[in-house]
file input-v1.txt (compact mmCIF, C-alpha atoms (C1' of nucleotides))
# COMPACT_ATOMS: atom_id res chain seq x y z
CA MET A 219 -23.22 -6.15 31.67
CA ALA A 220 -21.52 -9.09 30.02
CA THR A 221 -18.16 -9.14 28.36
CA ARG A 222 -17.86 -9.67 24.62
CA TRP A 223 -15.21 -9.49 21.95
CA TRP A 224 -14.43 -6.01 20.65
CA LEU A 225 -12.12 -4.69 18.00
CA LEU A 226 -10.38 -1.39 18.55
CA HIS A 227 -8.25 0.63 16.19
CA VAL A 228 -5.51 2.81 17.66
CA ASP A 229 -4.36 5.59 15.33
CA LEU A 230 -1.61 7.98 16.42
CA ASP A 231 -2.25 11.68 15.84
CA GLN A 232 -0.01 13.31 13.20
CA PHE A 233 2.46 10.59 14.10
CA VAL A 234 5.59 11.65 12.24
CA ALA A 235 5.19 15.31 13.15
CA ALA A 236 4.41 14.36 16.75
CA VAL A 237 7.64 12.35 17.05
CA GLU A 238 9.59 15.34 15.78
CA LEU A 239 7.85 17.61 18.30
CA LEU A 240 8.86 15.28 21.13
CA ARG A 241 12.51 16.02 20.53
CA ARG A 242 11.94 19.65 19.51
CA PRO A 243 9.39 20.83 22.06
CA GLU A 244 10.17 24.44 21.19
CA LEU A 245 8.33 23.86 17.89
CA ARG A 246 5.08 22.95 19.62
CA GLY A 247 2.26 25.17 18.39
CA ARG A 248 4.09 26.03 15.16
CA PRO A 249 3.29 24.57 11.75
CA VAL A 250 5.69 21.68 11.13
CA VAL A 251 6.14 19.90 7.82
CA VAL A 252 8.15 16.69 7.54
CA GLY A 253 9.23 15.32 4.20
CA GLY A 254 12.14 14.55 1.90
CA SER A 255 15.39 16.20 2.87
CA GLY A 256 13.52 19.00 4.62
CA ASP A 257 14.51 21.58 2.04
CA PRO A 258 11.40 23.31 0.68
CA THR A 259 13.34 24.88 -2.19
CA ARG A 260 14.14 21.50 -3.71
CA ALA A 261 11.92 20.13 -6.45
CA ARG A 262 10.54 16.59 -6.56
CA GLN A 263 10.03 16.23 -2.84
CA VAL A 264 6.68 16.01 -1.10
CA VAL A 265 5.15 16.35 2.36
CA ALA A 266 5.14 13.13 4.36
CA THR A 267 3.25 14.54 7.35
CA ALA A 268 2.03 18.01 8.24
CA SER A 269 1.26 19.01 11.82
CA TYR A 270 -2.29 20.14 12.54
CA GLU A 271 -1.10 23.76 12.55
CA ALA A 272 0.32 23.29 9.04
CA ARG A 273 -2.84 21.49 7.89
CA ALA A 274 -4.82 24.53 8.95
CA HIS A 275 -2.91 26.40 6.22
CA GLY A 276 -3.94 23.82 3.62
CA VAL A 277 -0.76 21.76 3.77
CA HIS A 278 -1.31 18.02 3.42
CA SER A 279 0.69 14.89 2.75
CA GLY A 280 1.63 14.29 -0.86
CA MET A 281 1.83 17.99 -1.60
CA PRO A 282 5.14 19.21 -3.09
CA LEU A 283 7.32 20.82 -0.42
CA ARG A 284 7.56 23.98 -2.51
CA ALA A 285 3.79 24.25 -2.63
CA ALA A 286 3.66 23.76 1.13
CA ALA A 287 6.21 26.55 1.60
CA ARG A 288 4.06 28.87 -0.49
CA ARG A 289 0.93 28.06 1.45
CA CYS A 290 2.62 28.25 4.79
CA PRO A 291 5.78 30.37 4.70
CA ASP A 292 6.16 30.22 8.49
CA ALA A 293 6.30 26.43 8.56
CA VAL A 294 9.32 24.63 9.94
CA PHE A 295 10.54 22.04 7.42
CA LEU A 296 12.22 18.92 8.74
CA PRO A 297 13.80 15.96 6.95
CA SER A 298 12.19 12.55 7.26
CA ASP A 299 13.93 10.32 9.84
CA PRO A 300 12.45 6.82 9.53
CA PRO A 301 14.58 5.18 12.26
CA ALA A 302 13.23 7.66 14.82
CA TYR A 303 9.65 6.84 13.79
CA GLU A 304 10.30 3.12 13.97
CA ALA A 305 11.67 3.50 17.48
CA ALA A 306 8.69 5.57 18.61
CA SER A 307 6.33 3.09 16.99
CA ALA A 308 7.91 0.23 18.91
CA ARG A 309 7.34 2.10 22.18
CA VAL A 310 3.69 2.64 21.31
CA MET A 311 3.17 -1.04 20.49
CA ALA A 312 4.88 -2.04 23.72
CA ALA A 313 2.49 0.20 25.65
CA LEU A 314 -0.49 -1.50 24.00
CA ARG A 315 0.91 -4.95 24.72
CA GLY A 316 0.98 -4.04 28.39
CA PHE A 317 -2.77 -4.75 28.39
CA PRO A 318 -4.39 -8.19 28.39
CA VAL A 319 -5.38 -7.78 24.73
CA ARG A 320 -4.35 -9.00 21.30
CA VAL A 321 -2.34 -6.44 19.31
CA GLU A 322 -1.88 -6.40 15.54
CA VAL A 323 0.68 -3.85 14.39
CA PHE A 324 -0.61 -2.12 11.27
CA GLY A 325 2.11 0.15 10.02
CA TRP A 326 4.13 2.65 12.03
CA ASP A 327 1.26 4.52 13.52
CA GLU A 328 -1.68 2.15 13.74
CA ALA A 329 -2.66 -0.99 15.57
CA PHE A 330 -5.72 -3.18 15.87
CA VAL A 331 -6.52 -4.36 19.37
CA GLY A 332 -8.80 -7.30 20.05
CA ALA A 333 -10.16 -7.57 23.54
CA GLU A 334 -12.75 -9.42 25.57
CA VAL A 335 -14.15 -6.68 27.81
CA GLU A 336 -17.33 -5.30 29.25
CA ASP A 337 -16.66 -1.64 28.54
CA PRO A 338 -14.62 -1.00 25.36
CA MET A 339 -14.86 2.78 25.72
CA ALA A 340 -13.13 2.52 29.10
CA LEU A 341 -10.48 0.28 27.58
CA ALA A 342 -9.97 2.81 24.78
CA ALA A 343 -9.43 5.60 27.28
CA ASP A 344 -7.00 3.42 29.25
CA LEU A 345 -5.04 2.65 26.08
CA GLN A 346 -4.78 6.36 25.29
CA LYS A 347 -3.56 7.15 28.80
CA ALA A 348 -0.95 4.40 28.72
CA VAL A 349 0.34 5.38 25.28
CA PHE A 350 0.63 9.01 26.32
CA ALA A 351 2.27 8.17 29.65
CA GLN A 352 4.84 5.87 28.07
CA THR A 353 5.56 7.77 24.84
CA GLY A 354 4.24 11.33 25.07
CA LEU A 355 2.15 10.67 21.95
CA THR A 356 -1.60 11.04 21.60
CA CYS A 357 -3.91 8.84 19.58
CA ALA A 358 -7.50 8.40 18.53
CA VAL A 359 -9.19 5.08 19.23
CA GLY A 360 -12.02 3.61 17.21
CA VAL A 361 -14.24 1.02 18.86
CA GLY A 362 -15.90 -1.37 16.46
CA ASP A 363 -17.06 -4.91 16.00
CA ASN A 364 -14.61 -5.59 13.19
CA LYS A 365 -11.52 -4.01 11.67
CA SER A 366 -13.44 -1.93 9.16
CA THR A 367 -15.84 -0.35 11.65
CA ALA A 368 -13.04 0.19 14.16
CA LYS A 369 -10.83 1.82 11.56
CA ILE A 370 -13.54 4.18 10.36
CA ALA A 371 -14.54 4.92 13.94
CA ALA A 372 -11.02 6.12 14.72
CA ARG A 373 -11.38 8.83 12.06
CA PHE A 374 -14.32 10.26 13.97
CA GLY A 375 -12.23 10.20 17.12
CA LYS A 376 -9.40 12.27 15.66
CA PRO A 377 -7.54 13.86 17.17
CA GLY A 378 -7.19 12.36 20.58
CA GLY A 379 -10.74 11.07 21.05
CA VAL A 380 -12.68 7.83 21.11
CA PHE A 381 -15.61 6.92 18.88
CA GLN A 382 -17.75 3.79 18.77
CA LEU A 383 -19.11 2.51 15.46
CA THR A 384 -20.87 -0.84 15.47
CA ALA A 385 -23.87 -2.57 13.93
CA GLY A 386 -26.13 -0.50 16.20
CA ASN A 387 -25.21 2.91 14.79
CA TRP A 388 -23.57 1.99 11.47
CA MET A 389 -26.32 3.16 9.14
CA ASP A 390 -27.15 6.22 11.23
CA VAL A 391 -23.52 7.36 11.11
CA MET A 392 -22.41 6.13 7.69
CA GLY A 393 -25.51 5.66 5.54
CA ALA A 394 -25.62 9.15 4.07
CA ARG A 395 -21.85 9.43 3.61
CA PRO A 396 -20.07 8.90 0.29
CA ALA A 397 -19.13 5.31 -0.49
CA ALA A 398 -15.52 6.49 -0.82
CA GLU A 399 -15.40 6.84 2.97
CA LEU A 400 -15.41 3.06 3.22
CA TRP A 401 -12.02 1.60 4.00
CA GLY A 402 -10.78 0.05 0.74
CA VAL A 403 -13.00 2.08 -1.58
CA GLY A 404 -10.78 4.55 -3.38
CA PRO A 405 -11.44 7.11 -6.10
CA LYS A 406 -11.57 4.60 -8.96
CA THR A 407 -14.04 2.31 -7.28
CA ALA A 408 -16.13 5.27 -6.13
CA LYS A 409 -16.32 6.46 -9.73
CA LYS A 410 -17.47 3.05 -10.96
CA LEU A 411 -20.08 2.94 -8.20
CA ALA A 412 -21.28 6.42 -9.15
CA ASP A 413 -21.65 5.19 -12.74
CA LEU A 414 -24.06 2.58 -11.37
CA GLY A 415 -25.97 5.30 -9.53
CA LEU A 416 -24.50 4.29 -6.16
CA HIS A 417 -23.23 7.32 -4.30
CA THR A 418 -23.67 6.72 -0.60
CA VAL A 419 -22.94 3.88 1.76
CA ALA A 420 -26.69 3.29 2.04
CA ASP A 421 -27.01 3.14 -1.76
CA LEU A 422 -24.34 0.47 -1.88
CA ALA A 423 -25.75 -1.47 1.05
CA ALA A 424 -29.14 -1.71 -0.68
CA ALA A 425 -27.77 -2.19 -4.20
CA ASP A 426 -29.03 -4.78 -6.64
CA PRO A 427 -26.31 -7.47 -6.68
CA GLU A 428 -26.44 -8.11 -10.44
CA PRO A 429 -24.88 -4.87 -11.75
CA LEU A 430 -22.27 -5.00 -8.99
CA LEU A 431 -21.37 -8.53 -10.01
CA ALA A 432 -21.11 -7.57 -13.65
CA ARG A 433 -18.97 -4.54 -12.93
CA PHE A 434 -16.67 -5.82 -10.20
CA GLY A 435 -16.62 -9.62 -10.25
CA ALA A 436 -17.90 -11.95 -7.57
CA ARG A 437 -15.23 -11.37 -4.98
CA MET A 438 -15.15 -7.58 -5.05
CA ALA A 439 -18.95 -7.31 -5.40
CA GLY A 440 -19.45 -9.45 -2.32
CA TRP A 441 -16.89 -7.47 -0.37
CA LEU A 442 -18.44 -4.13 -1.37
CA ARG A 443 -21.89 -5.19 -0.18
CA ALA A 444 -20.53 -6.55 3.07
CA THR A 445 -18.42 -3.51 3.89
CA ALA A 446 -21.26 -1.12 3.07
CA ARG A 447 -23.38 -3.00 5.60
CA GLY A 448 -20.79 -2.56 8.33
CA GLY A 449 -19.20 -5.97 7.93
CA GLY A 450 -15.51 -6.74 8.06
CA ASP A 451 -12.64 -8.92 9.13
CA THR A 452 -12.41 -9.72 12.83
CA GLU A 453 -9.13 -11.61 12.97
CA VAL A 454 -6.35 -10.00 15.00
CA VAL A 455 -2.97 -11.40 13.94
CA THR A 456 -0.44 -10.95 16.72
CA GLU A 457 2.48 -12.65 14.96
CA PRO A 458 4.96 -10.17 13.45
CA TRP A 459 4.29 -9.43 9.80
CA VAL A 460 6.60 -11.17 7.35
CA ALA A 461 7.20 -8.90 4.37
CA ARG A 462 6.34 -10.32 0.94
CA SER A 463 8.52 -7.84 -0.88
CA ARG A 464 10.97 -5.00 -0.42
CA SER A 465 11.64 -2.18 -2.82
CA ARG A 466 13.81 0.85 -3.25
CA GLU A 467 13.12 3.67 -5.64
CA THR A 468 14.51 7.11 -6.35
CA THR A 469 13.14 10.12 -8.14
CA TYR A 470 16.15 11.95 -9.51
CA PRO A 471 16.42 15.72 -9.15
CA ARG A 472 16.99 15.82 -12.91
CA ASP A 473 15.81 13.33 -15.51
CA LEU A 474 18.25 10.67 -16.65
CA THR A 475 18.73 10.14 -20.38
CA ASP A 476 21.96 8.19 -20.74
CA PRO A 477 21.21 4.42 -20.84
CA GLU A 478 24.58 3.65 -19.29
CA GLN A 479 23.83 5.92 -16.37
CA ILE A 480 20.35 4.41 -16.02
CA ALA A 481 21.81 0.92 -15.90
CA GLY A 482 24.37 2.07 -13.36
CA GLN A 483 21.65 3.47 -11.11
CA VAL A 484 19.57 0.30 -11.38
CA ALA A 485 22.63 -1.70 -10.39
CA VAL A 486 23.17 0.53 -7.35
CA LEU A 487 19.53 0.22 -6.27
CA ALA A 488 19.59 -3.55 -6.75
CA ARG A 489 22.74 -4.00 -4.66
CA GLU A 490 21.56 -1.72 -1.84
CA LEU A 491 18.19 -3.42 -1.72
CA GLY A 492 19.76 -6.85 -1.97
CA ALA A 493 22.08 -6.08 0.93
CA ASP A 494 19.09 -5.03 3.02
CA VAL A 495 16.97 -8.11 2.37
CA VAL A 496 19.85 -10.53 2.71
CA GLY A 497 20.76 -8.74 5.94
CA GLU A 498 17.25 -9.54 7.14
CA GLY A 499 17.88 -13.19 6.42
CA ARG A 500 15.56 -13.36 3.44
CA ARG A 501 15.94 -14.98 0.03
CA VAL A 502 14.90 -13.28 -3.20
CA THR A 503 12.59 -15.07 -5.64
CA HIS A 504 11.72 -12.35 -8.18
CA VAL A 505 13.28 -9.07 -9.26
CA ALA A 506 11.23 -6.22 -10.71
CA VAL A 507 12.27 -2.89 -12.19
CA LYS A 508 10.10 0.20 -12.36
CA VAL A 509 10.76 3.10 -14.70
CA ARG A 510 8.89 6.37 -14.52
CA PHE A 511 9.35 8.43 -17.63
CA ALA A 512 9.11 12.21 -17.67
CA SER A 513 5.51 11.83 -18.91
CA PHE A 514 4.78 9.96 -15.65
CA TYR A 515 4.05 6.78 -17.57
CA THR A 516 5.32 4.12 -15.17
CA PRO A 517 5.58 0.58 -16.48
CA THR A 518 7.18 -2.24 -14.46
CA ARG A 519 8.84 -5.42 -15.67
CA GLU A 520 9.85 -8.41 -13.62
CA MET A 521 11.28 -11.90 -13.75
CA LYS A 522 11.36 -14.95 -11.58
CA LEU A 523 14.89 -16.05 -10.81
CA ARG A 524 15.47 -19.15 -12.92
CA ASP A 525 17.84 -20.82 -10.50
CA GLY A 526 15.57 -20.42 -7.50
CA PRO A 527 15.67 -18.16 -4.44
CA THR A 528 18.99 -16.46 -3.82
CA THR A 529 21.02 -14.40 -1.38
CA ASP A 530 23.67 -13.62 -4.00
CA LEU A 531 23.92 -9.88 -4.64
CA ASP A 532 25.53 -10.48 -8.02
CA VAL A 533 22.56 -12.59 -9.10
CA ILE A 534 20.13 -9.93 -7.89
CA GLU A 535 22.00 -7.15 -9.67
CA ARG A 536 22.29 -9.12 -12.92
CA ALA A 537 18.60 -9.96 -12.81
CA ALA A 538 17.71 -6.29 -12.38
CA LEU A 539 19.86 -5.38 -15.39
CA THR A 540 18.30 -8.18 -17.44
CA VAL A 541 14.83 -6.93 -16.57
CA LEU A 542 15.86 -3.38 -17.42
CA GLU A 543 16.56 -4.57 -20.98
CA LYS A 544 12.82 -5.11 -21.43
CA PHE A 545 12.36 -1.33 -21.51
CA ARG A 546 12.91 1.01 -24.42
CA LEU A 547 14.89 3.78 -22.77
CA ASP A 548 14.44 6.36 -25.48
CA ARG A 549 12.79 9.00 -23.31
CA PRO A 550 13.90 10.91 -20.21
CA VAL A 551 13.55 8.95 -16.98
CA ARG A 552 12.61 10.64 -13.69
CA LEU A 553 12.41 7.60 -11.41
CA LEU A 554 14.00 4.18 -11.18
CA GLY A 555 12.94 1.47 -8.76
CA VAL A 556 13.88 -2.10 -7.95
CA ARG A 557 11.64 -4.51 -6.07
CA THR A 558 12.50 -7.94 -4.76
CA ASP A 559 9.85 -10.51 -3.96
CA LEU A 560 10.86 -12.64 -1.02
CA GLU A 561 10.56 -16.31 -0.24
CA LEU A 562 8.06 -17.16 2.51
CA ASP A 563 8.16 -20.03 4.99
CA ARG A 564 11.79 -20.08 5.87
C1' DT B 189 6.40 26.50 -9.69
C1' DC B 190 3.42 19.90 -11.16
C1' DT B 191 3.08 15.02 -9.19
C1' DG B 192 7.71 10.70 -2.95
C1' DG B 193 8.49 6.19 -1.18
C1' DG B 194 7.12 1.68 0.53
C1' DG B 195 3.94 -1.72 0.66
C1' DT B 196 -0.34 -5.54 -0.33
C1' DC B 197 -3.66 -7.99 -2.97
C1' DC B 198 -6.39 -9.06 -7.05
C1' DT B 199 -7.24 -9.89 -12.01
C1' DA B 200 -6.42 -11.07 -16.65
C1' DG B 201 -4.12 -12.92 -20.60
C1' DG B 202 -0.77 -15.87 -22.75
C1' DA B 203 2.25 -19.88 -22.45
C1' DC B 204 2.46 -24.45 -21.77
C1' DC B 205 1.08 -29.06 -20.61
C1' DC B 206 -2.05 -32.96 -20.48
C1' DT C 258 -7.98 -32.16 -40.36
C1' DC C 259 -11.50 -27.15 -37.88
C1' DT C 260 -11.22 -28.04 -33.40
C1' DG C 261 -11.63 -29.68 -27.39
C1' DG C 262 -11.15 -28.33 -22.63
C1' DG C 263 -8.80 -27.82 -18.02
C1' DG C 264 -5.12 -26.49 -14.97
C1' DT C 265 -1.04 -23.98 -13.60
C1' DC C 266 2.70 -20.81 -14.12
C1' DC C 267 4.27 -16.35 -15.29
C1' DT C 268 4.01 -11.46 -16.13
C1' DA C 269 1.77 -6.84 -16.30
C1' DG C 270 -1.26 -3.73 -14.57
C1' DG C 271 -4.76 -1.81 -11.47
C1' DA C 272 -6.29 -0.29 -7.10
C1' DC C 273 -5.69 0.84 -2.56
C1' DC C 274 -3.35 2.02 1.76
C1' DC C 275 0.02 4.49 4.99

call {"tool": "encode", "arguments": {"input": "input-v1.txt", "output": "structure tokens"}}
result
Amino acid sequence: MATRWWLLHVDLDQFVAAVELLRRPELRGRPVVVGGSGDPTRARQVVATASYEARAHGVHSGMPLRAAARRCPDAVFLPSDPPAYEAASARVMAALRGFPVRVEVFGWDEAFVGAEVEDPMALAADLQKAVFAQTGLTCAVGVGDNKSTAKIAARFGKPGGVFQLTAGNWMDVMGARPAAELWGVGPKTAKKLADLGLHTVADLAAADPEPLLARFGARMAGWLRATARGGGDTEVVTEPWVARSRSRETTYPRDLTDPEQIAGQVAVLARELGADVVGEGRRVTHVAVKVRFASFYTPTREMKLRDGPTTDLDVIERAALTVLEKFRLDRPVRLLGVRTDLELDR
DNA sequence: TCTGGGGTCCTAGGACCC
DNA sequence: TCTGGGGTCCTAGGACCC
């Protein structure tokens, strides 16, 4: 058997909950819910990750913590601890890099692996063993011939397994499934496709190009057809990702109504965020402000910094306050956010 | 017991300039 | 005077993902 290029997707099982279980082994087997400050009586906080035991009770990410507590009164609620997850993630990536493969980090708990091998299923199993040995964490691995097939394959491998999805079995496995199971097709796109009579992956793969073109534009229409036929990107980028933007936002426990207080909070967010990005050695090009009103209407406004990229926290704060003036703050505000766009190539 | 936080990329319309 | 285009920059919003 000859070697060829394969793309694998490594996806950690219940990553955030699993990291918590590593340092609290006594909780193993119990439903664990991580999110917010870990206090299920507090409003306006949601589940970041639920352990499989909690999911069995209907708890899932995005659900309000209070709702999770109702569904699963026995659950252990823990606060989110991002630095711990970042550290665990780094150990996972290091384990993967121990192999003669290309590794593209894709968030905390996922990586694409490109490898020239004869037996990708054996490689997948070896990756799982190494990750578990070096971190105590388990993962699913999807074997594909591009990022899309590998990523979808990993879902079938969860938890802890390996699944292969390539041109050979693509239509058998995916053809009858809803188009929304394609990576990058969300609820809105699925609805538009359904309006065109396209419900399954096979429908989309065989679709007449004209209506797709009219509805989605050339770029998206072409991508939809390709992805429904099992196509996808094959490039594995090993260089560390350079962030295009950073943001910081807060949902307040109680709505804000006083414009002075709102401006004060925007200033705080802008300075904290500015300190972070400048600390990372980056320069800010644009500043955006997001306001979520009590109705959940969430407009954003932004501006390019007139005097060019900056590291000056005063400039960043002033820009945020200038942008804030574009809003009419005549209704209660539940969330404020500030985003900075960052200069590239420096 | 309403609905978090942090990202990326694409599109479209208006401004502005030639 | 009744009407051009084309190109680029900027901003706002949409959609998706983890």

call {"tool": "closest_atom_pairs", "arguments": {"input": "input-v1.txt", "of": "chain C", "to": "chain A", "cutoff": "10 Å", "atoms": "all atoms listed in the file", "output": "Markdown table"}}
result
| residue | atom | partner | partner_atom | distance |
| --- | --- | --- | --- | --- |
| C:DC267 | C1' | A:Lys522 | CA | 8.1 |
| C:DT268 | C1' | A:Glu520 | CA | 7.1 |
| C:DA269 | C1' | A:Arg519 | CA | 7.2 |
| C:DG270 | C1' | A:Pro517 | CA | 8.3 |
| C:DG271 | C1' | A:Lys406 | CA | 9.7 |
| C:DA272 | C1' | A:Lys406 | CA | 7.4 |
| C:DC273 | C1' | A:Gly402 | CA | 6.1 |
| C:DC274 | C1' | A:Gly402 | CA | 7.8 |
| C:DC275 | C1' | A:Gly325 | CA | 7.0 |

call {"tool": "atom_distance", "arguments": {"input": "input-v1.txt", "atom1": "CA of Gly492 (chain A)", "atom2": "CA of Leu523 (chain A)"}}
result
13.7 Å

call {"tool": "atom_distance", "arguments": {"input": "input-v1.txt", "atom1": "CA of Ala340 (chain A)", "atom2": "CA of Met389 (chain A)"}}
result
23.9 Å

call {"tool": "atom_distance", "arguments": {"input": "input-v1.txt", "atom1": "CA of Leu560 (chain A)", "atom2": "CA of Thr529 (chain A)"}}
result
10.3 Å

call {"tool": "residues_around", "arguments": {"input": "input-v1.txt", "residues": "Ala512 (chain A)", "least_positions_apart": "2", "cutoff": "8 Å", "atoms": "only C-alpha atoms (C1' of nucleotides)", "output": "list in words"}}
result
Asp473, Arg510, Phe514, Tyr515, Arg549, Pro550, Val551 and Arg552 of chain A

call {"tool": "residues_around", "arguments": {"input": "input-v1.txt", "residues": "region 362-369 of chain A", "least_positions_apart": "5", "cutoff": "6 Å", "atoms": "only C-alpha atoms (C1' of nucleotides)", "output": "list of chain:residue names"}}
result
A:Trp224, A:Leu225, A:Leu226, A:His227, A:Gln382, A:Leu383, A:Thr384, A:Gly450, A:Asp451, A:Thr452

call {"tool": "axis_aligned_box", "arguments": {"input": "input-v1.txt", "around": "region 424-432 of chain A", "padding_each_side": "8 Å", "output": "JSON"}}
result
{"center_x": -25.1, "center_y": -5.1, "center_z": -7.2, "size_x": 24.0, "size_y": 22.8, "size_z": 29.0}

call {"tool": "residues_around", "arguments": {"input": "input-v1.txt", "residues": "DT189 (chain B)", "least_positions_apart": "5", "cutoff": "12 Å", "atoms": "all atoms listed in the file", "output": "PyMOL selection string"}}
result
chain A and resi 258-262+282-288

call {"tool": "residues_around", "arguments": {"input": "input-v1.txt", "residues": "region 351-359 of chain A", "least_positions_apart": "5", "cutoff": "6 Å", "atoms": "only C-alpha atoms (C1' of nucleotides)", "output": "PyMOL selection string"}}
result
chain A and resi 227-231+372+375-380

call {"tool": "decode", "arguments": {"input": "input-v1.txt", "residues": "region 456-463 of chain A", "atoms": "all heavy atoms", "output": "tab-separated table (two decimals), in the first residue's frame"}}
result
chain	number	residue	atom	x	y	z
A	456	THR	N	0.85	25.72	9.59
A	456	THR	CA	1.51	25.40	10.87
A	456	THR	C	1.97	26.65	11.61
A	456	THR	O	2.25	26.58	12.81
A	456	THR	CB	2.73	24.50	10.63
A	456	THR	OG1	3.62	25.16	9.71
A	456	THR	CG2	2.30	23.16	10.04
A	457	GLU	N	2.06	27.78	10.91
A	457	GLU	CA	2.49	29.01	11.59
A	457	GLU	C	1.42	29.43	12.59
A	457	GLU	O	0.23	29.30	12.31
A	457	GLU	CB	2.69	30.16	10.58
A	457	GLU	CG	3.84	29.96	9.62
A	457	GLU	CD	3.53	28.96	8.51
A	457	GLU	OE1	2.35	28.86	8.11
A	457	GLU	OE2	4.47	28.27	8.08
A	458	PRO	N	1.85	29.96	13.75
A	458	PRO	CA	0.86	30.40	14.75
A	458	PRO	C	-0.09	31.44	14.16
A	458	PRO	O	0.33	32.29	13.37
A	458	PRO	CB	1.72	31.02	15.85
A	458	PRO	CG	3.09	30.46	15.65
A	458	PRO	CD	3.23	30.18	14.19
A	459	TRP	N	-1.33	31.37	14.55
A	459	TRP	CA	-2.34	32.30	14.07
A	459	TRP	C	-2.08	33.70	14.62
A	459	TRP	O	-1.77	33.87	15.80
A	459	TRP	CB	-3.72	31.83	14.52
A	459	TRP	CG	-4.81	32.76	14.14
A	459	TRP	CD1	-5.51	33.60	14.97
A	459	TRP	CD2	-5.33	32.95	12.83
A	459	TRP	NE1	-6.44	34.30	14.24
A	459	TRP	CE2	-6.34	33.93	12.91
A	459	TRP	CE3	-5.03	32.41	11.58
A	459	TRP	CZ2	-7.06	34.37	11.81
A	459	TRP	CZ3	-5.75	32.85	10.48
A	459	TRP	CH2	-6.75	33.81	10.61
A	460	VAL	N	-2.17	34.68	13.75
A	460	VAL	CA	-2.05	36.07	14.17
A	460	VAL	C	-3.46	36.67	14.20
A	460	VAL	O	-4.13	36.74	13.17
A	460	VAL	CB	-1.16	36.87	13.20
A	460	VAL	CG1	-1.06	38.32	13.65
A	460	VAL	CG2	0.22	36.23	13.12
A	461	ALA	N	-3.89	37.05	15.40
A	461	ALA	CA	-5.27	37.54	15.55
A	461	ALA	C	-5.49	38.80	14.73
A	461	ALA	O	-4.62	39.67	14.65
A	461	ALA	CB	-5.56	37.82	17.02
A	462	ARG	N	-6.64	38.90	14.11
A	462	ARG	CA	-7.05	40.10	13.35
A	462	ARG	C	-7.71	41.11	14.26
A	462	ARG	O	-7.74	42.31	13.95
A	462	ARG	CB	-8.04	39.71	12.25
A	462	ARG	CG	-7.41	39.34	10.94
A	462	ARG	CD	-6.53	38.12	11.01
A	462	ARG	NE	-6.11	37.68	9.68
A	462	ARG	CZ	-5.10	36.86	9.45
A	462	ARG	NH1	-4.39	36.38	10.46
A	462	ARG	NH2	-4.79	36.51	8.23
A	463	SER	N	-8.28	40.64	15.34
A	463	SER	CA	-9.00	41.54	16.24
A	463	SER	C	-9.03	40.94	17.64
A	463	SER	O	-8.81	39.74	17.82
A	463	SER	CB	-10.42	41.78	15.74
A	463	SER	OG	-11.18	40.59	15.80
